[in-house]
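Colleague: The structure is given below, and queries will be raised subsequently.
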Amino acid sequence: MTENPIGRADDRRVAFGEAAEQYDAARPGYPDELVTDVLEFAGPQGADVDVDTLEVGAGTGKATLAFAARGVTLTCLEPDPRMAAVLARHCAAMPHVTIENVDFESRPASDRRFGLLLSGQAWHWVDPEVRWRRARELLLPGGAIALFWNDWLVADESLRHELRDVHHRHLQGLPPHSIVDARPRETVMAPNSWVWEELRDQEGFTDLEHRLYLSRHTRTTAGTIDLLSSLSSYLILTEETRRALLSDVSRTIDAHGGALELETRTGLFLARTTAA
């Protein structure tokens, strides 16, 4: 029997902690150019300025470590204790990084406001009824918001078609963010996506920008399986379906030499809060 891979959003949101270590090992980070661009946008004096920063959905630290390496002072929100534990291990020697095991929506109110709010691969999980209002409340006047995501696609067309066939043998439909699409079907990072539309329609934000970064990297069979296993659409599959699907994926990649090239597209949205 084939299985619907989409699942409920609530199920997918809490699935990552079940594979926190695998997520940490498998997920690629973000381009250095993106970090530079965000800091230049947020700091009027350039990328070397330390902007007091709030990170939403820090996970195991894929974005955290890149910004912390630039000396940025970070308060990192991560609701899943298993993900937060990995993040804490990575940041143990970084006194300028503080971790709060809480979600953005329910974080207690305080008088502290930030010059930058950033979120990598996580803003779509935040409650749409409150995310923009809370962002405005927590940012200083003129403070910056930086939201970014990665999409990964198999570069080789022949292998991509074979892997699509494998998925169709085991699932009723493809996962919403599948590496076997010719182009992202449900990407959140295109210029005309919901992120741009919501930002554009929100009061209190100005200077909207969208930037795109392209890169490629090669993955072994095992590395590809680890990446897929870290995605929520795969994590919520039954163990039997997931094992059978990933076994078939492994055999297919091995038949192509045991590696594949992934095209990575990183989308960044920038905006500022309006001055008081």
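Identifiers for the structure tokens are assigned positionally: chains receive A, B, ... in sequence, residues are indexed from 1 per chain, and ligands are indexed from 1 in the order shown.
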Identify all residues of region 53-233 of chain A in strand (DSSP E) (DSSP on the backbone) and supply them as an NGL selection string.
Modeller: :A and (53-56 or 74-77 or 97-100 or 114-120 or 139-154 or 205-220)
Colleague: Give me, as a ChimeraX atom specification, all polymer residues having an atom no more than 10 Å from Glu137 (chain A), counting only C-alpha atoms and skipping those fewer than 3 positions away in the same chain.
Modeller: /A:109-114,132-134,140-141,273
Colleague: Given the choices A:Asp37, A:Glu78, A:Glu157, A:Glu100, which gets closest to Trp125 (chain A) if the distance is worked out from only C-alpha atoms?
Modeller: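 Closest residue, counting only C-alpha atoms: A:Glu78.
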Colleague: Please list as a ChimeraX atom specification every residue within 12 Å of Arg89 (chain A), counting only C-alpha atoms and excluding residues in the same chain fewer than 3 positions away.
Modeller: /A:21,24,60-61,65,82-86,92-94,97-99
Colleague: So which residues touch Thr218 (chain A) within 9 Å, counting only C-alpha atoms, skipping near sequence neighbours fewer than 2 positions away, as a list in words?
Modeller: Arg216, Thr220, Ala259, Leu260, Glu261, Leu262 and Glu263 of chain A
